[in-house]
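K.L.:
Below: one structure in structure tokens.
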Protein chains: 2
Amino acid sequence: MAKASPLLKDELDIVIPTIRNLDFLEMWRPFFEPYHLIIVQDGDPSKVIKVPEGFDYELYNRNDINKILGPKASCISFKDSACRCFGYMVSKKKYIYTIDDDCFVAKDPSGKEINALEQHIKNLLCPSTPFFFNTLYDPYRDGADFVRGYPFSLREGVPTAVSHGLWLNIPDYDAPTQLVKPLERNTRYVDAVMTIPKGTLFPMCGMNLAFDRELIGPAMYFGLMGDGQPIGRYDDMWAGWCIKVICDHLGMGVKTGLPYIWHSKASNPFVNLKKEYKGIYWQEELIPFFQSVALPKDCNSVQKCYLQLSKQVKAKLGKVDDYFNKLADAMITWIEAWDELNPSTTPNGTSK
Amino acid sequence: MAKASPLLKDELDIVIPTIRNLDFLEMWRPFFEPYHLIIVQDGDPSKVIKVPEGFDYELYNRNDINKILGPKASCISFKDSACRCFGYMVSKKKYIYTIDDDCFVAKDPSGKEINALEQHIKNLLCPSTPFFFNTLYDPYRDGADFVRGYPFSLREGVPTAVSHGLWLNIPDYDAPTQLVKPLERNTRYVDAVMTIPKGTLFPMCGMNLAFDRELIGPAMYFGLMGDGQPIGRYDDMWAGWCIKVICDHLGMGVKTGLPYIWHSKASNPFVNLKKEYKGIYWQEELIPFFQSVALPKDCNSVQKCYLQLSKQVKAKLGKVDDYFNKLADAMITWIEAWDELNPSTTPNGTSK
């Protein structure tokens, strides 16, 4: 019998930020081996990262990033997993899946190993429904549909730009919650995928995330974190708020739910607190900002939306802290670097 | 050992609309027997409805409704389960649970019978989080919390006004979907409760629904359906759209998800199509209407919001069909009748 070819084999890159040998890939071998990996090595570039035999990959360390981007490398974080977004930029594929190196294969309630990537691809390849909530969740799944009262004109849905997966075992808590509930583990397998409604923000975690580069890539910037920056652990959050307002504006969907991965290792809550404490304070201003962002009609591409957003960040968040002025500038640098490495998008920033 | 007293035993009424003997209650006996039932008998008032021994109930048929409400009885539907809202009005309790007589006790994946009422009460007694999505769903459940990136200022949540439960087995599909997928059954147990975000509408099904009468009761009007009306099967939908915009305006929450009941009997899709077809057409206008409803700031009670909504229904939907003029008038009559039967709410329509 012929084996089914893995979905989107030649159209998807797996991006992994790391500072260590990638032994965790052994567990993922049956699912990841057919795909190309982009490894973004953080920290000391002289360290040699071992990748298990048989995987097809390219690896970039800080020296490579500096060489490729020149002065624009300033927009890529160092000593923080935010550096992963460099991988999104150098990919030439339509889809990205990104995963952390402390994430293992989870099992569903029947004990079967979950092919997280396959579920993400399913999520991305079927539409989203951001304009009206479906009480049976994803209406496109087998055994589900739109329920009574769901307007027929909305049943075609919109293209899905982002698929946000979840984690069993160690939950993605902030430092204060980690400190208060050190033993809490997520054991609840919720068998659902759903669209996050238009106008609603969510906390996007970068450890198990897939997206359509062509639809939303230029907005998937993980900001300035880590070395030399006053903040950490807000890279994926920042990206999540940016992509959500842009998806809402451009009529694209963001899904959350399945697939689960097994998150193995709780990070140190004391270290996290140091990284997070400014973010915990700032986010009280960031959320109202993102909730009230209005993008003008002529922002009809992701790039245009993102540059407009950077302007508003400078205008409205610059007074919260000078960090946001630097971040707004880095957002522009990111778009310039993106367009340089991705010339197939038209020069005036209209995506394909 | 002392048995734990059932939750909210003296503060909740169970409202059941029916045209037949209530044998289905046998299955619910362990869960419903401690509570008071309000049975709203639809159709021929001379028919005697048998209620199994041991249940504490009051029963209203059409003659009773006419006697109690006089000319205002015109706002209560006849020959349609929309008549159930009369039970909400005559209740003197803080909470209502309403269930259809073709709904049986469902089992969770471990095979345990689900106490639907207990889960609804849990949903109503803990807050909602309409302003920001939590990717681990209800943050107040055991084993869950707010995830990283969730603003701390929003973690107290807001009072929960409505708990919308789901159905295993027969899904709540409209007639066209029933016709296309006659054999589809909902077998997916999704172990989640979530808040429907602010600004998002949903299709509220009335067959397994609980709410806080004091918070939202006067908006839980199921409209004009059935006998003499051009439409059916939109009673709960209408109520759902009304309560959602009012909850959004007043800062209250609506939850959906658990608990499941077992929906045993598919209704006739041909009959349903006849009832629904105008609604299927009209809802394409209704959804944009409800999505754009703006309630002024001085609407600071449910009654005031509801009367304001009736004005807007007349002004904006009256031209879709004259039915909406009648419905707008019935909405006013409903509030008048509610206030008459519930004088503890202050005369100017400010709820307790």
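Just so we're on the same page: first chain in the structure tokens is A, next is B, and so on; residues restart at 1 for each chain, and ligands are numbered from 1 in the order they show up.
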Quick one: which residues from chain A are at most 8 Å off chain B, using only C-alpha atoms, as a PyMOL selection string?
P.N.:
chain A and resi 131-135+143-144+146-153+166+171-174+184-192+196-203+234+237+256-257+280+283-284+287
K.L.:
Might you pull out every residue within 10 Å of Pro34 in chain A, with only C-alpha atoms counted and same-chain residues fewer than 4 positions away left off, and present them as JSON, numbers by chain?
P.N.:
{"A": [5, 6, 7, 8, 9, 10, 29, 30, 54, 55, 56]}
K.L.:
Quick one: write out the picked residues with all heavy atoms as a PDB file, in the first residue's frame?
P.N.:
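See selection28.pdb below for the written result:
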ATOM      1  N   SER A   5       1.186  10.833   1.493  1.00  0.00           N
ATOM      2  CA  SER A   5       2.237  11.843   1.617  1.00  0.00           C
ATOM      3  C   SER A   5       1.862  12.811   2.740  1.00  0.00           C
ATOM      4  O   SER A   5       0.696  13.167   2.889  1.00  0.00           O
ATOM      5  CB  SER A   5       2.365  12.569   0.283  1.00  0.00           C
ATOM      6  OG  SER A   5       3.308  13.593   0.393  1.00  0.00           O
ATOM      7  N   PRO A   6       2.852  13.239   3.539  1.00  0.00           N
ATOM      8  CA  PRO A   6       2.518  14.169   4.621  1.00  0.00           C
ATOM      9  C   PRO A   6       1.942  15.463   4.041  1.00  0.00           C
ATOM     10  O   PRO A   6       2.401  15.938   3.004  1.00  0.00           O
ATOM     11  CB  PRO A   6       3.876  14.435   5.286  1.00  0.00           C
ATOM     12  CG  PRO A   6       4.777  13.348   4.806  1.00  0.00           C
ATOM     13  CD  PRO A   6       4.273  12.914   3.469  1.00  0.00           C
ATOM     14  N   LEU A   7       0.964  15.994   4.729  1.00  0.00           N
ATOM     15  CA  LEU A   7       0.295  17.217   4.279  1.00  0.00           C
ATOM     16  C   LEU A   7       1.268  18.378   4.125  1.00  0.00           C
ATOM     17  O   LEU A   7       2.104  18.616   5.002  1.00  0.00           O
ATOM     18  CB  LEU A   7      -0.763  17.611   5.315  1.00  0.00           C
ATOM     19  CG  LEU A   7      -2.060  16.808   5.350  1.00  0.00           C
ATOM     20  CD1 LEU A   7      -2.843  17.131   6.624  1.00  0.00           C
ATOM     21  CD2 LEU A   7      -2.907  17.101   4.120  1.00  0.00           C
ATOM     22  N   LEU A   8       1.167  19.089   3.026  1.00  0.00           N
ATOM     23  CA  LEU A   8       1.949  20.317   2.790  1.00  0.00           C
ATOM     24  C   LEU A   8       3.450  20.121   2.945  1.00  0.00           C
ATOM     25  O   LEU A   8       4.162  21.057   3.310  1.00  0.00           O
ATOM     26  CB  LEU A   8       1.499  21.439   3.740  1.00  0.00           C
ATOM     27  CG  LEU A   8       0.045  21.865   3.721  1.00  0.00           C
ATOM     28  CD1 LEU A   8      -0.166  22.986   4.738  1.00  0.00           C
ATOM     29  CD2 LEU A   8      -0.385  22.340   2.347  1.00  0.00           C
ATOM     30  N   LYS A   9       3.922  18.912   2.652  1.00  0.00           N
ATOM     31  CA  LYS A   9       5.332  18.571   2.852  1.00  0.00           C
ATOM     32  C   LYS A   9       6.293  19.637   2.306  1.00  0.00           C
ATOM     33  O   LYS A   9       7.274  19.999   2.960  1.00  0.00           O
ATOM     34  CB  LYS A   9       5.611  17.219   2.186  1.00  0.00           C
ATOM     35  CG  LYS A   9       6.960  16.628   2.484  1.00  0.00           C
ATOM     36  CD  LYS A   9       7.129  15.315   1.763  1.00  0.00           C
ATOM     37  CE  LYS A   9       8.302  15.331   0.781  1.00  0.00           C
ATOM     38  NZ  LYS A   9       9.439  16.154   1.160  1.00  0.00           N
ATOM     39  N   ASP A  10       6.014  20.161   1.140  1.00  0.00           N
ATOM     40  CA  ASP A  10       6.934  21.128   0.526  1.00  0.00           C
ATOM     41  C   ASP A  10       6.481  22.567   0.685  1.00  0.00           C
ATOM     42  O   ASP A  10       7.015  23.469   0.047  1.00  0.00           O
ATOM     43  CB  ASP A  10       7.102  20.803  -0.968  1.00  0.00           C
ATOM     44  CG  ASP A  10       7.658  19.403  -1.154  1.00  0.00           C
ATOM     45  OD1 ASP A  10       8.617  19.053  -0.439  1.00  0.00           O
ATOM     46  OD2 ASP A  10       7.105  18.656  -1.988  1.00  0.00           O
ATOM     47  N   ARG A  29      10.132  12.578  15.558  1.00  0.00           N
ATOM     48  CA  ARG A  29      10.613  12.076  14.269  1.00  0.00           C
ATOM     49  C   ARG A  29       9.500  11.603  13.320  1.00  0.00           C
ATOM     50  O   ARG A  29       9.467  12.005  12.151  1.00  0.00           O
ATOM     51  CB  ARG A  29      11.644  10.956  14.494  1.00  0.00           C
ATOM     52  CG  ARG A  29      12.375  10.542  13.217  1.00  0.00           C
ATOM     53  CD  ARG A  29      13.399   9.447  13.482  1.00  0.00           C
ATOM     54  NE  ARG A  29      14.589   9.879  14.194  1.00  0.00           N
ATOM     55  CZ  ARG A  29      15.653  10.464  13.623  1.00  0.00           C
ATOM     56  NH1 ARG A  29      15.668  10.692  12.331  1.00  0.00           N
ATOM     57  NH2 ARG A  29      16.689  10.809  14.355  1.00  0.00           N
ATOM     58  N   PRO A  30       8.554  10.774  13.818  1.00  0.00           N
ATOM     59  CA  PRO A  30       7.539  10.284  12.869  1.00  0.00           C
ATOM     60  C   PRO A  30       6.718  11.409  12.236  1.00  0.00           C
ATOM     61  O   PRO A  30       6.187  11.243  11.146  1.00  0.00           O
ATOM     62  CB  PRO A  30       6.637   9.381  13.717  1.00  0.00           C
ATOM     63  CG  PRO A  30       7.129   9.460  15.112  1.00  0.00           C
ATOM     64  CD  PRO A  30       8.391  10.233  15.163  1.00  0.00           C
ATOM     65  N   GLY A  54      19.146  12.569  10.156  1.00  0.00           N
ATOM     66  CA  GLY A  54      17.994  12.284   9.310  1.00  0.00           C
ATOM     67  C   GLY A  54      17.056  13.461   9.109  1.00  0.00           C
ATOM     68  O   GLY A  54      16.165  13.414   8.270  1.00  0.00           O
ATOM     69  N   PHE A  55      17.267  14.512   9.901  1.00  0.00           N
ATOM     70  CA  PHE A  55      16.410  15.689   9.721  1.00  0.00           C
ATOM     71  C   PHE A  55      17.036  16.628   8.700  1.00  0.00           C
ATOM     72  O   PHE A  55      18.256  16.819   8.680  1.00  0.00           O
ATOM     73  CB  PHE A  55      16.219  16.428  11.051  1.00  0.00           C
ATOM     74  CG  PHE A  55      15.261  15.738  11.973  1.00  0.00           C
ATOM     75  CD1 PHE A  55      15.721  14.849  12.944  1.00  0.00           C
ATOM     76  CD2 PHE A  55      13.896  15.965  11.874  1.00  0.00           C
ATOM     77  CE1 PHE A  55      14.833  14.204  13.791  1.00  0.00           C
ATOM     78  CE2 PHE A  55      13.004  15.322  12.726  1.00  0.00           C
ATOM     79  CZ  PHE A  55      13.473  14.441  13.682  1.00  0.00           C
ATOM     80  N   ASP A  56      16.198  17.203   7.900  1.00  0.00           N
ATOM     81  CA  ASP A  56      16.617  18.168   6.893  1.00  0.00           C
ATOM     82  C   ASP A  56      16.485  19.559   7.507  1.00  0.00           C
ATOM     83  O   ASP A  56      15.388  19.965   7.888  1.00  0.00           O
ATOM     84  CB  ASP A  56      15.678  18.006   5.680  1.00  0.00           C
ATOM     85  CG  ASP A  56      15.850  19.121   4.676  1.00  0.00           C
ATOM     86  OD1 ASP A  56      17.011  19.426   4.332  1.00  0.00           O
ATOM     87  OD2 ASP A  56      14.821  19.687   4.238  1.00  0.00           O
TER      88      ASP A  56
END
K.L.:
For the strand (DSSP E or B) assignment from backbone DSSP, which residues of range 161-272 of chain B qualify? Please present them as number ranges by chain.
P.N.:
B: 161-169, 186, 193-195, 208-212, 226, 253-263
K.L.:
Among the residues of range 146-333 of chain B, find those DSSP assigns to alpha helix (DSSP H) from the backbone and print them as a VMD selection string.
P.N.:
chain B and resid 175 to 180 213 to 216 235 to 250 269 to 292 302 to 312 323 to 333
K.L.:
Could you tell me how far CA of Glu340 in chain A sits from CA of Cys83 in chain A, in Å to one decimal place?
P.N.:
18.1 Å
K.L.:
I'd like the contact shell of range 214-217 of chain B - 12 Å cut-off, only C-alpha atoms, skipping same-chain residues fewer than 4 positions apart - returned as a ChimeraX atom specification.
P.N.:
/B:11-12,85-97,124,158-163,210,221-222,239-240,242-254,300-306,334-335,338-339,342,344-345,350-352
K.L.:
Just give me the gap between CA of Ile68 in chain A and CA of Pro52 in chain A in Å, one decimal is fine.
P.N.:
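Going from CA of Ile68 in chain A over to CA of Pro52 in chain A covers 25.9 Å.
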K.L.:
Wanna dump the range 177-247 of chain A-range 99-103 of chain A contacts at 7 Å for me, each residue with its shortest atom pair and the distance in Å to one decimal, counting only C-alpha atoms, ordered by chain and number, as CSV?
P.N.:
residue,atom,partner,partner_atom,distance
A:Met207,CA,A:Ile99,CA,4.8
A:Asn208,CA,A:Ile99,CA,4.8
A:Leu209,CA,A:Ile99,CA,6.7
